[in-house]
file data-v3.txt (compact mmCIF, C-alpha atoms)
# COMPACT_ATOMS: atom_id res chain seq x y z
CA MET I 21 22.75 31.45 287.26
CA LYS I 22 26.33 32.46 288.02
CA ASP I 23 29.06 30.53 286.18
CA ALA I 24 30.69 28.30 288.77
CA LYS I 25 33.85 28.03 286.69
CA LYS I 26 34.40 31.77 286.40
CA THR I 27 38.07 32.53 287.02
CA ALA I 28 38.94 35.24 289.55
CA TYR I 29 41.34 37.99 288.54
CA ALA I 30 43.05 40.89 290.29
CA THR I 31 43.21 44.62 289.55
CA LEU I 32 46.82 45.74 289.74
CA PRO I 33 48.51 49.18 289.99
CA PRO I 34 50.21 50.85 287.00
CA SER I 35 53.68 49.87 288.28
CA ALA I 36 52.84 46.22 287.54
CA GLY I 37 53.36 46.97 283.83
CA MET I 38 57.09 47.52 284.24
CA SER I 39 57.27 44.51 286.55
CA TRP I 40 55.86 42.27 283.80
CA LEU I 41 58.42 43.60 281.35
CA ALA I 42 61.26 42.90 283.81
CA GLN I 43 59.92 39.41 284.54
CA SER I 44 59.68 38.65 280.84
CA LEU I 45 63.28 39.71 280.27
CA ARG I 46 64.40 37.54 283.18
CA LEU I 47 62.55 34.46 281.88
CA LEU I 48 63.90 35.07 278.40
CA ARG I 49 67.48 35.20 279.68
CA GLN I 50 67.08 31.94 281.60
CA GLN I 51 66.48 29.79 278.51
CA ALA I 52 66.97 32.14 275.56
CA GLY I 53 68.32 29.41 273.30
CA ARG I 54 65.42 27.00 273.81
CA LEU I 55 62.79 29.73 273.54
CA LEU I 56 64.45 31.07 270.39
CA LEU I 57 64.30 27.61 268.80
CA ILE I 58 60.58 27.40 269.59
CA ALA I 59 59.98 30.83 268.05
CA MET I 60 61.96 29.86 264.94
CA LEU I 61 59.92 26.68 264.59
CA MET I 62 56.71 28.68 264.84
CA GLN I 63 57.88 31.03 262.07
CA LEU I 64 58.73 28.05 259.86
CA LEU I 65 55.21 26.72 260.38
CA LEU I 66 53.71 30.12 259.57
CA GLY I 67 55.66 30.01 256.33
CA LEU I 68 53.33 27.20 255.21
CA VAL I 69 50.31 29.51 254.98
CA GLN I 70 50.50 29.55 251.16
CA VAL I 71 50.18 25.77 250.93
CA PRO I 72 46.58 24.83 250.02
CA LEU I 73 44.52 23.34 252.88
CA LEU I 74 47.58 23.04 255.13
CA GLY I 75 47.96 26.81 255.04
CA LEU I 76 44.39 27.27 256.23
CA PHE I 77 44.98 24.87 259.12
CA VAL I 78 48.13 26.78 260.11
CA VAL I 79 46.25 30.10 260.15
CA LEU I 80 43.45 28.61 262.26
CA ALA I 81 46.01 27.04 264.60
CA VAL I 82 47.86 30.30 265.38
CA PRO I 83 46.10 30.66 268.79
CA ALA I 84 47.10 27.07 269.62
CA LEU I 85 50.72 27.76 268.64
CA SER I 86 50.64 30.90 270.77
CA ALA I 87 49.41 28.82 273.71
CA GLY I 88 52.38 26.52 273.13
CA ILE I 89 54.80 29.41 273.54
CA LEU I 90 52.98 30.55 276.68
CA GLU I 91 53.32 27.01 278.03
CA ALA I 92 57.07 27.20 277.33
CA PHE I 93 57.32 30.37 279.44
CA HIS I 94 55.28 28.62 282.12
CA ARG I 95 57.84 25.80 282.23
CA VAL I 96 60.72 28.25 282.43
CA ARG I 97 59.02 30.08 285.30
CA GLY I 98 58.61 26.75 287.09
CA GLY I 99 62.30 25.91 286.71
CA ARG I 100 61.81 23.29 284.00
CA SER I 101 63.11 22.97 280.45
CA ALA I 102 61.30 24.50 277.47
CA ALA I 103 61.28 21.70 274.88
CA LEU I 104 60.33 22.13 271.23
CA VAL I 105 57.41 19.74 271.69
CA LEU I 106 55.63 22.32 273.85
CA LEU I 107 54.74 24.26 270.71
CA PHE I 108 52.57 21.38 269.53
CA LEU I 109 51.05 20.51 272.90
CA PRO I 110 47.86 22.60 272.43
CA ILE I 111 47.40 21.21 268.90
CA ALA I 112 47.64 17.67 270.26
CA SER I 113 45.10 18.44 273.01
CA ARG I 114 41.68 17.45 271.64
CA PRO I 115 39.70 19.24 274.37
CA HIS I 116 41.41 22.54 273.53
CA LEU I 117 42.14 22.39 269.79
CA GLY I 118 38.53 23.02 268.76
CA ARG I 119 38.33 26.16 270.86
CA PHE I 120 41.65 27.42 269.53
CA MET I 121 40.59 26.75 265.93
CA ALA I 122 37.33 28.62 266.54
CA MET I 123 39.38 31.49 267.96
CA GLY I 124 41.56 31.44 264.85
CA ALA I 125 38.44 31.57 262.67
CA LEU I 126 37.23 34.57 264.67
CA VAL I 127 40.53 36.35 264.03
CA ILE I 128 40.18 35.67 260.28
CA VAL I 129 36.64 37.06 260.27
CA ILE I 130 37.82 40.19 262.11
CA SER I 131 40.60 40.68 259.54
CA ILE I 132 38.20 40.27 256.61
CA VAL I 133 35.69 42.71 258.11
CA CYS I 134 38.38 45.31 258.83
CA ILE I 135 39.87 45.05 255.34
CA SER I 136 36.43 45.23 253.72
CA PHE I 137 35.44 48.23 255.82
CA VAL I 138 38.68 50.23 255.63
CA VAL I 139 39.94 49.35 252.13
CA GLY I 140 36.55 49.04 250.44
CA ALA I 141 35.84 47.71 246.98
CA THR I 142 37.09 50.75 245.05
CA THR I 143 40.75 49.65 244.95
CA GLU I 144 41.14 46.36 243.19
CA ILE I 145 44.50 44.81 242.29
CA ASP I 146 45.09 43.23 238.92
CA GLU I 147 45.37 39.43 239.13
CA ALA I 148 48.80 39.46 237.46
CA LEU I 149 50.02 42.03 239.97
CA MET I 150 48.61 39.96 242.85
CA LEU I 151 50.47 36.90 241.54
CA ARG I 152 53.73 38.85 241.48
CA LEU I 153 53.15 39.93 245.08
CA GLN I 154 52.51 36.34 246.15
CA GLN I 155 55.76 35.30 244.48
CA GLY I 156 57.67 37.87 246.53
CA ASP I 157 58.27 40.45 243.79
CA MET I 158 58.86 43.56 245.93
CA ALA I 159 58.98 45.78 242.81
CA ALA I 160 55.28 45.12 242.36
CA PHE I 161 54.55 47.31 245.36
CA GLU I 162 55.65 50.35 243.34
CA GLU I 163 52.81 49.73 240.87
CA ILE I 164 50.11 49.73 243.55
CA ASP I 165 48.11 52.84 244.39
CA PRO I 166 49.71 54.39 247.52
CA THR I 167 46.23 55.08 248.90
CA PHE I 168 45.47 51.37 248.75
CA ILE I 169 48.69 50.53 250.63
CA THR I 170 47.88 53.10 253.34
CA ARG I 171 44.36 51.74 253.77
CA LEU I 172 45.62 48.17 253.77
CA PHE I 173 48.14 48.86 256.55
CA ALA I 174 45.48 50.74 258.52
CA ALA I 175 43.08 47.80 258.17
CA PHE I 176 45.82 45.39 259.24
CA ALA I 177 46.67 47.52 262.30
CA ILE I 178 43.03 47.76 263.33
CA SER I 179 42.44 44.03 262.93
CA VAL I 180 45.58 43.20 264.93
CA ALA I 181 44.52 45.59 267.70
CA ILE I 182 41.02 44.10 267.93
CA SER I 183 42.03 40.44 267.67
CA GLY I 184 45.01 40.98 269.99
CA THR I 185 42.78 42.56 272.62
CA LEU I 186 40.26 39.71 272.40
CA THR I 187 42.84 36.91 272.52
CA PHE I 188 45.43 38.41 274.92
CA PHE I 189 43.96 36.72 277.99
CA SER I 190 41.47 34.37 276.33
CA ILE I 191 44.22 32.13 274.91
CA PRO I 192 45.84 31.45 278.33
CA LEU I 193 42.37 31.18 279.94
CA VAL I 194 41.46 28.36 277.56
CA TRP I 195 44.82 26.64 277.98
CA PHE I 196 45.68 27.05 281.67
CA TYR I 197 42.17 27.19 283.16
CA ASP I 198 40.23 25.15 280.58
CA ARG I 199 37.66 27.90 280.08
CA PRO I 200 35.05 27.64 277.28
CA LEU I 201 35.65 29.97 274.36
CA GLY I 202 32.79 32.38 275.07
CA GLY I 203 33.65 32.67 278.75
CA ALA I 204 37.35 33.12 277.99
CA LEU I 205 36.69 35.93 275.50
CA GLY I 206 34.36 37.79 277.87
CA GLU I 207 36.37 37.30 281.06
CA GLY I 208 39.69 37.99 279.34
CA LEU I 209 38.44 41.23 277.82
CA LYS I 210 37.02 42.41 281.15
CA ALA I 211 40.27 41.64 283.01
CA LEU I 212 42.23 43.48 280.34
CA LEU I 213 40.02 46.57 280.53
CA VAL I 214 40.06 46.85 284.33
CA ASN I 215 43.86 46.62 284.21
CA TRP I 216 44.24 49.25 281.48
CA LYS I 217 46.66 51.35 283.53
CA PRO I 218 49.40 48.68 283.95
CA MET I 219 48.75 47.61 280.34
CA LEU I 220 49.37 51.17 279.19
CA VAL I 221 52.61 51.31 281.19
CA LEU I 222 53.62 47.95 279.69
CA GLY I 223 52.96 49.26 276.18
CA LEU I 224 55.10 52.34 276.82
CA GLY I 225 57.87 50.14 278.20
CA LEU I 226 57.80 47.95 275.08
CA VAL I 227 58.03 51.07 272.90
CA VAL I 228 61.10 52.19 274.84
CA VAL I 229 62.69 48.76 274.34
CA PHE I 230 61.85 48.70 270.63
CA LEU I 231 63.31 52.14 269.85
CA PRO I 232 67.00 51.09 270.06
CA LEU I 233 66.11 47.80 268.38
CA SER I 234 64.55 49.69 265.47
CA LEU I 235 67.76 51.67 265.06
CA LEU I 236 69.77 48.44 265.04
CA ILE I 237 67.35 46.94 262.51
CA GLY I 238 67.80 50.01 260.31
CA LEU I 239 71.58 49.56 260.42
CA LEU I 240 71.37 45.85 259.63
CA MET I 241 68.84 46.18 256.82
CA PRO I 242 71.33 47.30 254.11
CA VAL I 243 73.65 44.47 255.14
CA ALA I 244 70.82 41.92 255.10
CA LEU I 245 69.75 43.01 251.60
CA GLY I 246 73.27 42.56 250.30
CA GLU I 247 74.68 39.50 248.57
CA GLY I 248 77.09 36.84 249.70
CA VAL I 249 78.02 35.77 253.21
CA GLY I 250 77.56 39.28 254.61
CA GLY I 251 73.97 39.36 253.45
CA MET I 252 73.25 35.96 254.97
CA VAL I 253 74.80 36.98 258.30
CA GLY I 254 72.92 40.28 258.32
CA MET I 255 69.61 38.56 257.57
CA GLY I 256 70.28 35.99 260.30
CA LEU I 257 70.99 38.70 262.88
CA LEU I 258 67.89 40.58 261.77
CA MET I 259 65.70 37.51 262.22
CA VAL I 260 67.16 36.80 265.67
CA ILE I 261 66.45 40.36 266.84
CA LEU I 262 62.85 40.23 265.61
CA LEU I 263 62.26 36.80 267.14
CA LEU I 264 63.69 37.89 270.49
CA PHE I 265 61.36 40.89 270.55
CA GLN I 266 58.46 38.61 269.64
CA LEU I 267 59.40 36.35 272.54
CA LEU I 268 59.54 39.39 274.81
CA LEU I 269 55.93 40.16 273.81
CA PHE I 270 54.85 36.61 274.55
CA GLY I 271 56.70 36.78 277.85
CA THR I 272 54.87 39.92 278.93
CA GLN I 273 51.59 38.31 277.91
CA TYR I 274 52.36 35.30 280.10
CA CYS I 275 53.70 37.30 283.06
CA SER I 276 50.72 39.67 283.10
CA PHE I 277 48.27 36.76 282.91
CA ALA I 278 50.12 34.77 285.59
CA GLU I 279 50.00 37.70 288.03
CA ILE I 280 46.48 38.93 287.29
CA TYR I 281 45.03 35.41 287.44
CA SER I 282 47.39 34.11 290.17
CA LEU I 283 48.62 31.23 288.02
CA PRO I 284 50.55 28.84 290.32
CA THR I 285 53.65 27.00 289.22
CA ALA I 286 56.40 25.03 290.94
CA PRO I 287 59.08 22.56 289.79
CA ASP I 288 57.45 19.78 291.81
CA SER I 289 53.91 20.68 290.69
CA PRO I 290 53.79 20.35 286.88
CA THR I 291 50.74 21.33 284.88
CA LYS I 292 48.37 18.79 283.40
CA HIS I 293 49.83 19.51 279.95
CA GLU I 294 52.97 17.46 280.42
CA PRO I 295 55.14 16.25 277.47
CA PRO I 296 57.42 13.19 277.60
CA ASP I 297 60.18 13.42 280.18
CA ASP I 298 63.00 12.72 277.75
CA GLU I 299 63.33 16.26 276.47
CA SER I 300 66.93 15.77 275.43
CA GLN I 301 65.82 13.59 272.54
CA LEU I 302 63.25 16.18 271.49
CA LEU I 303 65.94 18.86 271.28
CA ALA I 304 68.55 16.70 269.58
call {"tool": "encode", "arguments": {"input": "data-v3.txt", "output": "structure tokens"}}
result
Amino acid sequence: MKDAKKTAYATLPPSAGMSWLAQSLRLLRQQAGRLLLIAMLMQLLLGLVQVPLLGLFVVLAVPALSAGILEAFHRVRGGRSAALVLLFLPIASRPHLGRFMAMGALVIVISIVCISFVVGATTEIDEALMLRLQQGDMAAFEEIDPTFITRLFAAFAISVAISGTLTFFSIPLVWFYDRPLGGALGEGLKALLVNWKPMLVLGLGLVVVFLPLSLLIGLLMPVALGEGVGGMVGMGLLMVILLLFQLLLFGTQYCSFAEIYSLPTAPDSPTKHEPPDDESQLLA
């Protein structure tokens, strides 16, 4: 029997890819400060991954946090304010949190499988060396077999590509259209594949944007690694650049989903995921 809740999607021309990039830049400019605060808060939460138990919850909740950022872009597109509380809205939503946590578990499984397959069991790291790495000792990297590092980065890239493809549209499908996890994964993947041409154009556009940013990052890196006030300023600028590019990625994810799935929004027609009205107190 055909799923009555199946969400319709459109197949768009390649030029739509550049349109999504332009729309994302426009939304980012409208409330750059608020969106940047949300992205900074998300990074602070991700910094808790090494805390026992809490760290596991944070990793599993990454899809929910991503949905919170997409909701922030949705509010900006509708002419409303992007409050910090939006980041936690999907976590506070009981009907959606379970599906997001299951999605996070799926991403973890994909990462483990990719690392096990690509890296293999022939390159083990000494426990003392692993402890140094966890403590942030960058010199420990010089003692690791370069082959292991290459394989590890390859495994990480493959796992990110697979999990990113699966969750690109499934996260907003769960959040904005209340789709079940299985349906969201299948429908989202199909919509992504049939729109591969605009997605390819979007990817090329993001590469073009990142090239000058990478040069700027290279210039700031020696300053950021320095000591004193200059080092702190350089590190701060570096973090802002990386967070803005991350927001640009989230913006293109939202804009592509909103156009392909015809997501409506208007200032006088808020979504069902509505935080308290007094957003000024939340941003104080």
call {"tool": "closest_residue", "arguments": {"input": "data-v3.txt", "among": "I:Ser276, I:Ser136, I:Thr167, I:Gln51", "to": "Leu212 in chain I", "atoms": "only C-alpha atoms"}}
result
I:Ser276
call {"tool": "atom_distance", "arguments": {"input": "data-v3.txt", "atom1": "CA of Thr170 in chain I", "atom2": "CA of Pro72 in chain I"}}
result
28.5 Å
call {"tool": "residues_around", "arguments": {"input": "data-v3.txt", "residues": "range 224-241 of chain I", "least_positions_apart": "6", "cutoff": "10 Å", "atoms": "only C-alpha atoms", "output": "MDAnalysis selection string"}}
result
chainID I and resid 37:38 40:42 218 251 253:259 261:262 265 268:269 272
call {"tool": "axis_aligned_box", "arguments": {"input": "data-v3.txt", "around": "range 44-62 of chain I", "padding_each_side": "4 Å", "output": "JSON"}}
result
{"center_x": 62.5, "center_y": 33.2, "center_z": 273.9, "size_x": 19.6, "size_y": 21.0, "size_z": 26.6}
call {"tool": "closest_residue", "arguments": {"input": "data-v3.txt", "among": "I:Leu283, I:Leu56, I:Leu264, I:Leu80", "to": "Arg119 in chain I", "atoms": "only C-alpha atoms"}}
result
I:Leu80
call {"tool": "atom_distance", "arguments": {"input": "data-v3.txt", "atom1": "CA of Ser101 in chain I", "atom2": "CA of Arg54 in chain I"}}
result
8.1 Å
call {"tool": "residues_near_point", "arguments": {"input": "data-v3.txt", "point": "(66.4, 31.3, 280.2)", "cutoff": "12 Å", "atoms": "only C-alpha atoms", "output": "PyMOL selection string"}}
result
chain I and resi 43-56+92-102+267-268+271
call {"tool": "atom_distance", "arguments": {"input": "data-v3.txt", "atom1": "CA of Leu76 in chain I", "atom2": "CA of Phe137 in chain I"}}
result
22.8 Å
call {"tool": "closest_residue", "arguments": {"input": "data-v3.txt", "among": "I:Leu193, I:Lys217, I:Leu106, I:Pro33", "to": "Leu57 in chain I", "atoms": "all atoms listed in the file"}}
result
I:Leu106
call {"tool": "closest_residue", "arguments": {"input": "data-v3.txt", "among": "I:Leu220, I:Val69, I:Cys134, I:Val214", "to": "Val82 in chain I", "atoms": "all atoms listed in the file"}}
result
I:Val69
call {"tool": "residues_around", "arguments": {"input": "data-v3.txt", "residues": "Phe277 in chain I", "least_positions_apart": "2", "cutoff": "10 Å", "atoms": "only C-alpha atoms", "output": "ChimeraX atom specification"}}
result
/I:29-30,40,90,188-190,192-193,208,211-212,271-275,279-283
call {"tool": "closest_residue", "arguments": {"input": "data-v3.txt", "among": "I:Leu104, I:Thr285, I:Leu109, I:Leu172", "to": "Ile135 in chain I", "atoms": "only C-alpha atoms"}}
result
I:Leu172
call {"tool": "closest_residue", "arguments": {"input": "data-v3.txt", "among": "I:Ala204, I:Ile191, I:Leu85, I:Leu126", "to": "Ser179 in chain I", "atoms": "only C-alpha atoms"}}
result
I:Leu126
call {"tool": "residues_around", "arguments": {"input": "data-v3.txt", "residues": "Pro83 in chain I", "least_positions_apart": "2", "cutoff": "7 Å", "atoms": "all atoms listed in the file", "output": "list in words"}}
result
Ala81, Leu85, Ser86, Ala87, Phe120, Met123, Gly124 and Ile191 of chain I
call {"tool": "write_last_selection", "arguments": {"input": "data-v3.txt", "atoms": "C-alpha atoms", "output": "CSV table (one decimal), in the frame of the given file"}}
result
chain,number,residue,atom,x,y,z
I,81,ALA,CA,46.0,27.0,264.6
I,85,LEU,CA,50.7,27.8,268.6
I,86,SER,CA,50.6,30.9,270.8
I,87,ALA,CA,49.4,28.8,273.7
I,120,PHE,CA,41.6,27.4,269.5
I,123,MET,CA,39.4,31.5,268.0
I,124,GLY,CA,41.6,31.4,264.8
I,191,ILE,CA,44.2,32.1,274.9
